[in-house]
Number of protein chains: 2
Amino acid sequence: MIVDGKQLRPIWLDADGRTVKVIDQRRLPHELVILDLTTVDQVIEAIVEMVVRGAPLIGVTGAYGVLIALHTAANEATYVKYCQRIAAARPTAVNLAWAVARVSAAVQSAVSPLERMAAAWREAATIDAEEVARCRRIGEHGARLIAAVSRAKNGAPVNILTHCNAGWLACVEWGTATAPIYVAHEQGIDLHVWVDETRPLNQGARLTAWELGKAGIRHTVVTDNAGGHLMQHGRVDLVIVGTDRTTRTGDVANKIGTYLKALAARDNHIPFYVALPSSTFDWERRDGLREIPIEERSADEVRFVQGLGPNQTERVLVPPAGSPAANPAFDVTPARLVTGFITERGVCAASEEGILRLFPEKK
Amino acid sequence: MIVDGKQLRPIWLDADGRTVKVIDQRRLPHELVILDLTTVDQVIEAIVEMVVRGAPLIGVTGAYGVLIALHTAANEATYVKYCQRIAAARPTAVNLAWAVARVSAAVQSAVSPLERMAAAWREAATIDAEEVARCRRIGEHGARLIAAVSRAKNGAPVNILTHCNAGWLACVEWGTATAPIYVAHEQGIDLHVWVDETRPLNQGARLTAWELGKAGIRHTVVTDNAGGHLMQHGRVDLVIVGTDRTTRTGDVANKIGTYLKALAARDNHIPFYVALPSSTFDWERRDGLREIPIEERSADEVRFVQGLGPNQTERVLVPPAGSPAANPAFDVTPARLVTGFITERGVCAASEEGILRLFPEKK
């Protein structure tokens with residue numbers, strides 16, 4: 001995407017072919033810092049510590065991670081262990097294990113060390129390019145939904161609520177939930193985005209607001225508590241969110257709190273869409289609530305809030321020092337609460353039947 | 001309540017009879033600071049800036065405010081204007097205007113300046129004492145609900161979720177939503193409280209967690225996003241919240257985000273109770289969503305988060321400096337989502353019929 005007049009991506013492979021460059025998303029929006037990843041430990045740390053985050057992006061990071069594993073492993077056993085460790089760095093998003101498996105398979109089909117490296121590079125770059133293309137198509141399909149609302153409102157601003165950051169920072173370009181917004185904005189549709197701040201790590205307030213601001217798109221940050229009230233008062237026309245993993249039956253794991261917005265959308269007859277590339281479907285699972293592993297992250301992410309202090313970026317402790325906290329990072333929105341999925345192949349109903357109509361090869 | 005071995009209240013009248021002492025709730029939990037209020041401007045600022053907050057407490061503050069108005073007004077016209085300004089300091093909680101009107105009426109029925117001051121003092125002290133008694137009775141009625149869950153679970157810990165702070169800090173003693181928790185804890189019932197942090201001002205993480213910690217009650221702070229997930233997984237047995245104003249038909253205005261928890265409770269068949277003294281009923285209103293004024297507070301409350309920094313209490317900016325924010329402070333939970341009200345007269349259904357059965361004089 002263009003940021004301050006320059007092309008910027010959340011991840012790219014450096015010209016040396018073995019250094020992965022990433023935006024340190026922990027530092028946004030107040031600082032734009034680029035980190036170099038040259039070892040598998042750095043790749044894993046970047047994923048675990050959420051230097052990179054978002055299902056498609058951690059998939060692409062895992063893909064390039066296999067290339068780093070090949071470059072740095074002293075022998076085959078270490079390489080295999082490296083790949084396993086990368087794939088297991090975070091449990092909820094399905095893209096990570098999927099991308100690592102796909103690059104590993106490409107490596108396995110090659111023979112010489114040089115061919116293996118070329119295969120890893122080719123496959124990772126292909127996954128990267130595919131995600132970009134998928135997100136663009138998600139944007140085009142989703143923009144038609146926004147255009148329809150705009151027409152129904154006679155061109156009055158379309159109010160879209162989104163949760164967390166399913167923007168280009170979470171993908172490579174365009175984003176998933178934000179892709180329809182970017183494309184509709186390109187098309188000149190008048191719109192405004194309610195940005196859930198998305199506690200505990202505030203990816204909405206920090207990242208989505210930053211993205212939309214840089215793109216010149218009108219937006220307002222609200223607490224995660226506010227969405228229901230806005231919907232009750234007719235101030236939200238549609239909800240679009242991303243997902244970290246969606247079952248073949250349409251159950252949606254996404255950032256904690258998504259389920260609450262889906263309930264409010266249903267209670268107020270507001271369409272609730274989930275935008276995702278097909279790489280985020282988990283074709284093996286049928287019951288999201290029982291089968292999708294939900295990552296429990298550090299309590300300190302709840303207890304401390306990071307922001308710009310009087311002098312620099314600081315962390316402040318909110319609750320009493322002695323109060324424990326819990327931090328489930330995702331929840332599952334049952335398919336019954338989802339109006340539809342926006343995929344690279346079009347929009348479908350949130351049911352196995354609807355999904356398989358777009359992806360018949362998964363029957 | 002007893003805090004660190006000492007009796008503490010959020011408000012009291014000093015021995016001089018004209019200085020109101022309050023805990024500065026903006027500074028908790030990291031600092032316990034007592035402020036003196038001796039002018040009407042200080043009273044209004046304390047209410048607006050949320051030095052004191054919570055429907056019953058701002059009612060009591062307003063009541064003592066009338067006494068300060070009498071002590072400081074140069075003439076009758078100024079006194080009347082003072083009372084009007086105090087009553088209008090915050091719009092949503094009905095207790096404020098109610099308490100100011102009640103003390104003003106007592107003043108009006110007296111004649112000499114000395115009698116007027118005595119009447120104001122007597123009426124304010126009566127409102128104060130009545131709130132304490134009402135909250136205690138709310139606690140006793142509500143504890144029976146908790147005891148019933150405890151029996152049904154064969155004594156396993158009862159998990160209660162609460163939103164914001166409807167504790168003794170929001171009242172004078174016991175609290176509303178927390179009163180049943182304190183009484184059940186006294187009775188030796190094993191329980192655990194999920195404390196919603198309650199953005200933007202974090203009254204849950206800062207105040208409820210502090211109260212429960214000081215009382216030795218087991219609790220865990222969670223983001224406002226987490227409650228739905230906890231309910232889906234059977235980790236919440238009941239929800240108890242307070243309210244700033246409840247219509248005679250049972251619509252509940254409470255801290256923003258309450259509605260989302262009520263939706264999740266209904267979706268998961270979990271009882272959702274609202275605890276309130278009768279002073280919080282608005283007997284004049286029937287349609288909460290249309291008729292209760294919702295305060296829109298400063299966007300900076302969303303943009304900045306206060307906590308303990310490396311050296312002292314600090315505020316940090318979370319979103320980009322250029323991103324706007326909105327801050328509706330309350331939402332309305334329709335009566336249809338409420339299991340029942342816990343009042344000083346007992347528990348009733350969330351309907352006009354149920355409420356009037358307990359308060360027949362309001363028919």
# chains A, B, ... in the order shown; residues from 1 in each chain; ligands from 1
call {"tool": "interface_residues", "arguments": {"of": "chain A", "to": "chain B", "cutoff": "7 Å", "atoms": "only C-alpha atoms", "output": "JSON list (two decimals) with C-alpha atoms, in the first residue's frame"}}
result
[["chain", "number", "residue", "atom", "x", "y", "z"],
["A", 29, "PRO", "CA", 1.04, 3.79, 15.29],
["A", 30, "HIS", "CA", 3.54, 6.05, 17.02],
["A", 199, "ARG", "CA", -8.50, -4.76, 23.73],
["A", 200, "PRO", "CA", -6.19, -6.04, 24.97],
["A", 205, "ALA", "CA", -7.07, 1.71, 17.69],
["A", 206, "ARG", "CA", -3.39, 1.27, 16.82],
["A", 209, "ALA", "CA", -7.01, 3.55, 12.62],
["A", 210, "TRP", "CA", -3.45, 4.09, 11.36],
["A", 213, "GLY", "CA", -5.84, 7.49, 8.39],
["A", 220, "THR", "CA", -13.83, 6.97, 14.42],
["A", 221, "VAL", "CA", -12.23, 4.89, 17.16],
["A", 222, "VAL", "CA", -14.67, 3.49, 19.73],
["A", 223, "THR", "CA", -14.28, 1.20, 22.72],
["A", 224, "ASP", "CA", -15.22, -2.44, 22.21],
["A", 225, "ASN", "CA", -18.20, -1.72, 24.46],
["A", 226, "ALA", "CA", -19.76, 0.85, 22.14],
["A", 228, "GLY", "CA", -24.06, -2.49, 20.44],
["A", 229, "HIS", "CA", -25.23, 1.00, 21.36],
["A", 256, "ILE", "CA", -11.90, -12.01, 21.19],
["A", 257, "GLY", "CA", -15.08, -9.93, 21.24],
["A", 259, "TYR", "CA", -18.96, -12.93, 18.98],
["A", 260, "LEU", "CA", -20.43, -10.04, 21.01],
["A", 263, "LEU", "CA", -24.92, -11.00, 18.65],
["A", 264, "ALA", "CA", -25.60, -7.27, 18.56],
["A", 302, "VAL", "CA", -4.50, -7.18, 29.76],
["A", 306, "GLN", "CA", 1.03, 0.59, 25.74],
["A", 307, "GLY", "CA", 0.87, 4.03, 24.23],
["A", 308, "LEU", "CA", 2.68, 7.28, 23.73],
["A", 309, "GLY", "CA", 3.57, 8.80, 27.09],
["A", 315, "ARG", "CA", 3.42, 0.78, 29.27],
["A", 316, "VAL", "CA", 1.11, 1.62, 32.15],
["A", 317, "LEU", "CA", -0.40, -0.80, 34.68],
["A", 318, "VAL", "CA", -4.19, -0.39, 34.94],
["A", 319, "PRO", "CA", -5.54, -2.80, 37.61],
["A", 320, "PRO", "CA", -4.12, -3.23, 41.12],
["A", 323, "SER", "CA", -5.22, -8.59, 40.73],
["A", 324, "PRO", "CA", -4.93, -11.54, 38.37],
["A", 325, "ALA", "CA", -6.10, -11.29, 34.76],
["A", 326, "ALA", "CA", -7.02, -13.76, 32.03],
["A", 327, "ASN", "CA", -6.45, -13.28, 28.32],
["A", 328, "PRO", "CA", -8.25, -15.58, 25.89],
["A", 331, "ASP", "CA", -13.62, -16.42, 20.40]]
call {"tool": "select_by_dssp", "arguments": {"residues": "segment 141-347 of chain B", "states": "helix (DSSP H, G or I)", "output": "PyMOL selection string"}}
result
chain B and resi 141-152+168-170+179-186+203-214+227-232+258-267+278-280+288-291+300-303+335-337
call {"tool": "select_by_dssp", "arguments": {"residues": "segment 93-274 of chain A", "states": "strand (DSSP E)", "output": "JSON, numbers by chain"}}
result
{"A": [158, 159, 160, 161, 162, 191, 192, 193, 194, 195, 196, 219, 220, 221, 222, 238, 239, 240, 241, 245, 246, 247, 252, 253, 254, 255, 272, 273, 274]}
call {"tool": "atom_distance", "arguments": {"atom1": "atom CA of Glu130 of chain B", "atom2": "atom CA of Ser278 of chain B"}}
result
10.5 Å
call {"tool": "residues_around", "arguments": {"residues": "Leu276 of chain A", "least_positions_apart": "6", "cutoff": "9 Å", "atoms": "only C-alpha atoms", "output": "list of chain:residue names"}}
result
A:Pro56, A:Arg134, A:Cys135, A:Ile138, A:Thr176, A:Ala177, A:Val241, A:Gly242, A:Thr243, A:Asp244, A:Arg245, A:Thr246, A:Phe341, A:Ile342, A:Thr343, A:Glu344
call {"tool": "write_last_selection", "arguments": {"atoms": "N, CA and C atoms", "output": "PDB file, in the first residue's frame"}}
result
ATOM      1  N   PRO A  56      -3.445 -14.217   7.527  1.00  0.00           N
ATOM      2  CA  PRO A  56      -2.697 -14.339   6.271  1.00  0.00           C
ATOM      3  C   PRO A  56      -1.213 -13.969   6.448  1.00  0.00           C
ATOM      4  N   ARG A 134      -5.781 -12.714  -3.693  1.00  0.00           N
ATOM      5  CA  ARG A 134      -7.033 -13.102  -3.024  1.00  0.00           C
ATOM      6  C   ARG A 134      -7.663 -11.910  -2.318  1.00  0.00           C
ATOM      7  N   CYS A 135      -6.800 -11.131  -1.614  1.00  0.00           N
ATOM      8  CA  CYS A 135      -7.331  -9.985  -0.868  1.00  0.00           C
ATOM      9  C   CYS A 135      -7.937  -8.957  -1.826  1.00  0.00           C
ATOM     10  N   ILE A 138     -11.259 -10.263  -2.792  1.00  0.00           N
ATOM     11  CA  ILE A 138     -12.186 -10.085  -1.652  1.00  0.00           C
ATOM     12  C   ILE A 138     -12.699  -8.647  -1.646  1.00  0.00           C
ATOM     13  N   THR A 176      -8.282  -8.185   4.581  1.00  0.00           N
ATOM     14  CA  THR A 176      -9.470  -8.995   4.298  1.00  0.00           C
ATOM     15  C   THR A 176     -10.701  -8.122   4.590  1.00  0.00           C
ATOM     16  N   ALA A 177     -10.972  -7.843   5.873  1.00  0.00           N
ATOM     17  CA  ALA A 177     -12.146  -7.015   6.202  1.00  0.00           C
ATOM     18  C   ALA A 177     -12.033  -5.609   5.618  1.00  0.00           C
ATOM     19  N   VAL A 241     -15.702  -8.226   9.462  1.00  0.00           N
ATOM     20  CA  VAL A 241     -14.541  -8.613  10.271  1.00  0.00           C
ATOM     21  C   VAL A 241     -13.727  -9.646   9.503  1.00  0.00           C
ATOM     22  N   GLY A 242     -12.538  -9.922   9.988  1.00  0.00           N
ATOM     23  CA  GLY A 242     -11.710 -10.987   9.445  1.00  0.00           C
ATOM     24  C   GLY A 242     -11.904 -12.259  10.254  1.00  0.00           C
ATOM     25  N   THR A 243     -11.018 -13.216  10.063  1.00  0.00           N
ATOM     26  CA  THR A 243     -11.068 -14.456  10.842  1.00  0.00           C
ATOM     27  C   THR A 243      -9.695 -15.107  10.857  1.00  0.00           C
ATOM     28  N   ASP A 244      -9.406 -15.810  11.923  1.00  0.00           N
ATOM     29  CA  ASP A 244      -8.148 -16.542  12.031  1.00  0.00           C
ATOM     30  C   ASP A 244      -8.300 -17.987  11.584  1.00  0.00           C
ATOM     31  N   ARG A 245      -9.541 -18.479  11.673  1.00  0.00           N
ATOM     32  CA  ARG A 245      -9.813 -19.841  11.219  1.00  0.00           C
ATOM     33  C   ARG A 245     -11.326 -19.998  11.130  1.00  0.00           C
ATOM     34  N   THR A 246     -11.791 -20.519  10.032  1.00  0.00           N
ATOM     35  CA  THR A 246     -13.223 -20.752   9.850  1.00  0.00           C
ATOM     36  C   THR A 246     -13.433 -22.199   9.443  1.00  0.00           C
ATOM     37  N   PHE A 341     -19.976 -14.967   3.934  1.00  0.00           N
ATOM     38  CA  PHE A 341     -18.527 -14.879   3.810  1.00  0.00           C
ATOM     39  C   PHE A 341     -18.173 -14.157   2.525  1.00  0.00           C
ATOM     40  N   ILE A 342     -17.192 -13.263   2.624  1.00  0.00           N
ATOM     41  CA  ILE A 342     -16.667 -12.606   1.437  1.00  0.00           C
ATOM     42  C   ILE A 342     -15.325 -13.261   1.134  1.00  0.00           C
ATOM     43  N   THR A 343     -15.259 -14.048   0.075  1.00  0.00           N
ATOM     44  CA  THR A 343     -14.032 -14.780  -0.271  1.00  0.00           C
ATOM     45  C   THR A 343     -13.519 -14.293  -1.627  1.00  0.00           C
ATOM     46  N   GLU A 344     -12.367 -14.830  -2.016  1.00  0.00           N
ATOM     47  CA  GLU A 344     -11.819 -14.429  -3.315  1.00  0.00           C
ATOM     48  C   GLU A 344     -12.686 -14.933  -4.475  1.00  0.00           C
TER      49      GLU A 344
END
call {"tool": "closest_residue", "arguments": {"among": "B:Ser279, B:Thr162, B:Gln7, B:Thr61", "to": "Val20 of chain B", "atoms": "only C-alpha atoms"}}
result
B:Thr61
call {"tool": "residues_around", "arguments": {"residues": "Leu70 of chain B", "least_positions_apart": "2", "cutoff": "12 Å", "atoms": "only C-alpha atoms", "output": "PDB file with N, CA and C atoms, in the first residue's frame"}}
result
ATOM      1  N   GLY B  17     -19.179  20.146  59.386  1.00  0.00           N
ATOM      2  CA  GLY B  17     -20.549  20.238  58.887  1.00  0.00           C
ATOM      3  C   GLY B  17     -20.688  20.931  57.551  1.00  0.00           C
ATOM      4  N   ARG B  18     -19.580  21.327  56.932  1.00  0.00           N
ATOM      5  CA  ARG B  18     -19.695  22.008  55.641  1.00  0.00           C
ATOM      6  C   ARG B  18     -18.614  21.608  54.632  1.00  0.00           C
ATOM      7  N   THR B  38     -15.631  22.090  49.109  1.00  0.00           N
ATOM      8  CA  THR B  38     -16.214  23.146  49.958  1.00  0.00           C
ATOM      9  C   THR B  38     -16.996  24.172  49.140  1.00  0.00           C
ATOM     10  N   THR B  39     -16.936  24.073  47.804  1.00  0.00           N
ATOM     11  CA  THR B  39     -17.712  25.008  46.970  1.00  0.00           C
ATOM     12  C   THR B  39     -18.551  24.205  45.982  1.00  0.00           C
ATOM     13  N   VAL B  40     -19.580  24.859  45.463  1.00  0.00           N
ATOM     14  CA  VAL B  40     -20.449  24.198  44.489  1.00  0.00           C
ATOM     15  C   VAL B  40     -19.668  23.858  43.216  1.00  0.00           C
ATOM     16  N   ALA B  63     -26.819  15.513  47.055  1.00  0.00           N
ATOM     17  CA  ALA B  63     -27.539  15.849  48.291  1.00  0.00           C
ATOM     18  C   ALA B  63     -26.662  16.723  49.197  1.00  0.00           C
ATOM     19  N   TYR B  64     -25.423  16.309  49.419  1.00  0.00           N
ATOM     20  CA  TYR B  64     -24.509  17.131  50.225  1.00  0.00           C
ATOM     21  C   TYR B  64     -24.168  18.436  49.497  1.00  0.00           C
ATOM     22  N   GLY B  65     -24.217  18.381  48.165  1.00  0.00           N
ATOM     23  CA  GLY B  65     -23.970  19.587  47.378  1.00  0.00           C
ATOM     24  C   GLY B  65     -24.968  20.697  47.699  1.00  0.00           C
ATOM     25  N   VAL B  66     -26.222  20.314  47.937  1.00  0.00           N
ATOM     26  CA  VAL B  66     -27.232  21.321  48.282  1.00  0.00           C
ATOM     27  C   VAL B  66     -26.861  22.004  49.608  1.00  0.00           C
ATOM     28  N   LEU B  67     -26.338  21.224  50.535  1.00  0.00           N
ATOM     29  CA  LEU B  67     -25.886  21.790  51.813  1.00  0.00           C
ATOM     30  C   LEU B  67     -24.759  22.808  51.573  1.00  0.00           C
ATOM     31  N   ILE B  68     -23.816  22.446  50.718  1.00  0.00           N
ATOM     32  CA  ILE B  68     -22.724  23.373  50.389  1.00  0.00           C
ATOM     33  C   ILE B  68     -23.283  24.616  49.685  1.00  0.00           C
ATOM     34  N   THR B  72     -22.810  28.493  50.940  1.00  0.00           N
ATOM     35  CA  THR B  72     -21.929  29.385  50.176  1.00  0.00           C
ATOM     36  C   THR B  72     -22.676  30.412  49.324  1.00  0.00           C
ATOM     37  N   ALA B  73     -23.980  30.206  49.083  1.00  0.00           N
ATOM     38  CA  ALA B  73     -24.696  31.146  48.214  1.00  0.00           C
ATOM     39  C   ALA B  73     -24.930  32.466  48.938  1.00  0.00           C
ATOM     40  N   ALA B  74     -24.677  33.574  48.219  1.00  0.00           N
ATOM     41  CA  ALA B  74     -24.848  34.899  48.821  1.00  0.00           C
ATOM     42  C   ALA B  74     -26.323  35.251  48.957  1.00  0.00           C
ATOM     43  N   ASN B  75     -27.154  34.672  48.083  1.00  0.00           N
ATOM     44  CA  ASN B  75     -28.584  34.995  48.147  1.00  0.00           C
ATOM     45  C   ASN B  75     -29.401  33.828  47.588  1.00  0.00           C
ATOM     46  N   GLU B  76     -30.709  33.958  47.653  1.00  0.00           N
ATOM     47  CA  GLU B  76     -31.609  32.873  47.263  1.00  0.00           C
ATOM     48  C   GLU B  76     -31.470  32.517  45.775  1.00  0.00           C
ATOM     49  N   ALA B  77     -31.348  33.568  44.944  1.00  0.00           N
ATOM     50  CA  ALA B  77     -31.252  33.310  43.503  1.00  0.00           C
ATOM     51  C   ALA B  77     -30.014  32.471  43.189  1.00  0.00           C
ATOM     52  N   THR B  78     -28.897  32.807  43.830  1.00  0.00           N
ATOM     53  CA  THR B  78     -27.669  32.038  43.614  1.00  0.00           C
ATOM     54  C   THR B  78     -27.841  30.603  44.102  1.00  0.00           C
ATOM     55  N   TYR B  79     -28.471  30.445  45.271  1.00  0.00           N
ATOM     56  CA  TYR B  79     -28.715  29.106  45.814  1.00  0.00           C
ATOM     57  C   TYR B  79     -29.531  28.261  44.825  1.00  0.00           C
ATOM     58  N   VAL B  80     -30.579  28.847  44.273  1.00  0.00           N
ATOM     59  CA  VAL B  80     -31.431  28.107  43.334  1.00  0.00           C
ATOM     60  C   VAL B  80     -30.628  27.721  42.087  1.00  0.00           C
ATOM     61  N   LYS B  81     -29.838  28.668  41.597  1.00  0.00           N
ATOM     62  CA  LYS B  81     -29.014  28.383  40.422  1.00  0.00           C
ATOM     63  C   LYS B  81     -27.977  27.286  40.733  1.00  0.00           C
ATOM     64  N   TYR B  82     -27.390  27.365  41.908  1.00  0.00           N
ATOM     65  CA  TYR B  82     -26.445  26.321  42.342  1.00  0.00           C
ATOM     66  C   TYR B  82     -27.100  24.936  42.280  1.00  0.00           C
ATOM     67  N   CYS B  83     -28.311  24.862  42.852  1.00  0.00           N
ATOM     68  CA  CYS B  83     -28.991  23.559  42.885  1.00  0.00           C
ATOM     69  C   CYS B  83     -29.277  23.052  41.470  1.00  0.00           C
ATOM     70  N   VAL B 103     -33.575  17.116  48.680  1.00  0.00           N
ATOM     71  CA  VAL B 103     -32.984  17.993  49.705  1.00  0.00           C
ATOM     72  C   VAL B 103     -33.514  19.417  49.536  1.00  0.00           C
ATOM     73  N   SER B 104     -33.652  19.874  48.286  1.00  0.00           N
ATOM     74  CA  SER B 104     -34.192  21.222  48.045  1.00  0.00           C
ATOM     75  C   SER B 104     -35.588  21.358  48.635  1.00  0.00           C
ATOM     76  N   VAL B 107     -35.400  21.792  52.286  1.00  0.00           N
ATOM     77  CA  VAL B 107     -34.954  23.154  52.594  1.00  0.00           C
ATOM     78  C   VAL B 107     -36.126  24.131  52.490  1.00  0.00           C
ATOM     79  N   GLN B 108     -36.907  23.953  51.436  1.00  0.00           N
ATOM     80  CA  GLN B 108     -38.029  24.860  51.191  1.00  0.00           C
ATOM     81  C   GLN B 108     -39.047  24.850  52.330  1.00  0.00           C
ATOM     82  N   SER B 112     -36.108  29.700  58.779  1.00  0.00           N
ATOM     83  CA  SER B 112     -34.923  30.504  59.080  1.00  0.00           C
ATOM     84  C   SER B 112     -33.694  29.901  58.401  1.00  0.00           C
ATOM     85  N   PRO B 113     -32.671  30.725  58.155  1.00  0.00           N
ATOM     86  CA  PRO B 113     -31.437  30.206  57.553  1.00  0.00           C
ATOM     87  C   PRO B 113     -30.883  29.015  58.331  1.00  0.00           C
ATOM     88  N   LEU B 114     -30.915  29.078  59.636  1.00  0.00           N
ATOM     89  CA  LEU B 114     -30.377  27.976  60.433  1.00  0.00           C
ATOM     90  C   LEU B 114     -31.209  26.712  60.281  1.00  0.00           C
ATOM     91  N   GLU B 115     -32.522  26.900  60.286  1.00  0.00           N
ATOM     92  CA  GLU B 115     -33.407  25.739  60.083  1.00  0.00           C
ATOM     93  C   GLU B 115     -33.201  25.136  58.702  1.00  0.00           C
ATOM     94  N   ARG B 116     -32.997  26.003  57.696  1.00  0.00           N
ATOM     95  CA  ARG B 116     -32.783  25.510  56.343  1.00  0.00           C
ATOM     96  C   ARG B 116     -31.513  24.649  56.278  1.00  0.00           C
ATOM     97  N   MET B 117     -30.456  25.118  56.918  1.00  0.00           N
ATOM     98  CA  MET B 117     -29.216  24.328  56.924  1.00  0.00           C
ATOM     99  C   MET B 117     -29.407  23.007  57.649  1.00  0.00           C
ATOM    100  N   ALA B 118     -30.117  23.059  58.766  1.00  0.00           N
ATOM    101  CA  ALA B 118     -30.364  21.827  59.517  1.00  0.00           C
ATOM    102  C   ALA B 118     -31.191  20.856  58.677  1.00  0.00           C
ATOM    103  N   ALA B 119     -32.171  21.406  57.953  1.00  0.00           N
ATOM    104  CA  ALA B 119     -33.024  20.550  57.122  1.00  0.00           C
ATOM    105  C   ALA B 119     -32.214  19.905  55.996  1.00  0.00           C
ATOM    106  N   ALA B 120     -31.329  20.712  55.379  1.00  0.00           N
ATOM    107  CA  ALA B 120     -30.495  20.175  54.293  1.00  0.00           C
ATOM    108  C   ALA B 120     -29.588  19.063  54.816  1.00  0.00           C
ATOM    109  N   TRP B 121     -28.974  19.315  55.970  1.00  0.00           N
ATOM    110  CA  TRP B 121     -28.083  18.322  56.553  1.00  0.00           C
ATOM    111  C   TRP B 121     -28.834  17.035  56.865  1.00  0.00           C
TER     112      TRP B 121
END
call {"tool": "atom_distance", "arguments": {"atom1": "atom CA of Thr280 of chain A", "atom2": "atom CA of Gly216 of chain A"}}
result
28.7 Å
call {"tool": "residues_around", "arguments": {"residues": "Phe359 of chain B", "least_positions_apart": "2", "cutoff": "12 Å", "atoms": "only C-alpha atoms", "output": "list of chain:residue names"}}
result
B:Arg248, B:Pro277, B:Ser278, B:Ser279, B:Phe281, B:Trp283, B:Thr343, B:Glu344, B:Arg345, B:Gly346, B:Val347, B:Cys348, B:Glu352, B:Glu353, B:Gly354, B:Ile355, B:Leu356, B:Arg357, B:Glu361, B:Lys362, B:Lys363
call {"tool": "residues_around", "arguments": {"residues": "Pro334 of chain A", "least_positions_apart": "6", "cutoff": "9 Å", "atoms": "only C-alpha atoms", "output": "ChimeraX atom specification"}}
result
/A:250-253,259,287-289
call {"tool": "write_last_selection", "arguments": {"atoms": "N, CA and C atoms", "output": "PDB file, in the first residue's frame"}}
result
ATOM      1  N   GLY A 250     -18.736 -23.106   8.717  1.00  0.00           N
ATOM      2  CA  GLY A 250     -18.952 -21.667   8.824  1.00  0.00           C
ATOM      3  C   GLY A 250     -18.816 -21.073  10.216  1.00  0.00           C
ATOM      4  N   ASP A 251     -18.279 -21.834  11.179  1.00  0.00           N
ATOM      5  CA  ASP A 251     -18.002 -21.244  12.494  1.00  0.00           C
ATOM      6  C   ASP A 251     -16.708 -20.442  12.400  1.00  0.00           C
ATOM      7  N   VAL A 252     -16.719 -19.242  12.999  1.00  0.00           N
ATOM      8  CA  VAL A 252     -15.662 -18.262  12.759  1.00  0.00           C
ATOM      9  C   VAL A 252     -14.859 -17.983  14.029  1.00  0.00           C
ATOM     10  N   ALA A 253     -13.602 -18.422  14.061  1.00  0.00           N
ATOM     11  CA  ALA A 253     -12.716 -17.970  15.137  1.00  0.00           C
ATOM     12  C   ALA A 253     -12.124 -16.639  14.710  1.00  0.00           C
ATOM     13  N   TYR A 259     -17.665 -12.287  18.692  1.00  0.00           N
ATOM     14  CA  TYR A 259     -18.957 -12.929  18.979  1.00  0.00           C
ATOM     15  C   TYR A 259     -19.969 -11.924  19.540  1.00  0.00           C
ATOM     16  N   ASP A 287     -16.969 -28.250  14.042  1.00  0.00           N
ATOM     17  CA  ASP A 287     -17.572 -27.612  15.223  1.00  0.00           C
ATOM     18  C   ASP A 287     -16.574 -26.620  15.805  1.00  0.00           C
ATOM     19  N   GLY A 288     -16.755 -25.351  15.452  1.00  0.00           N
ATOM     20  CA  GLY A 288     -15.783 -24.332  15.838  1.00  0.00           C
ATOM     21  C   GLY A 288     -15.623 -24.208  17.337  1.00  0.00           C
ATOM     22  N   LEU A 289     -16.732 -24.239  18.066  1.00  0.00           N
ATOM     23  CA  LEU A 289     -16.666 -24.028  19.514  1.00  0.00           C
ATOM     24  C   LEU A 289     -15.892 -25.134  20.210  1.00  0.00           C
TER      25      LEU A 289
END
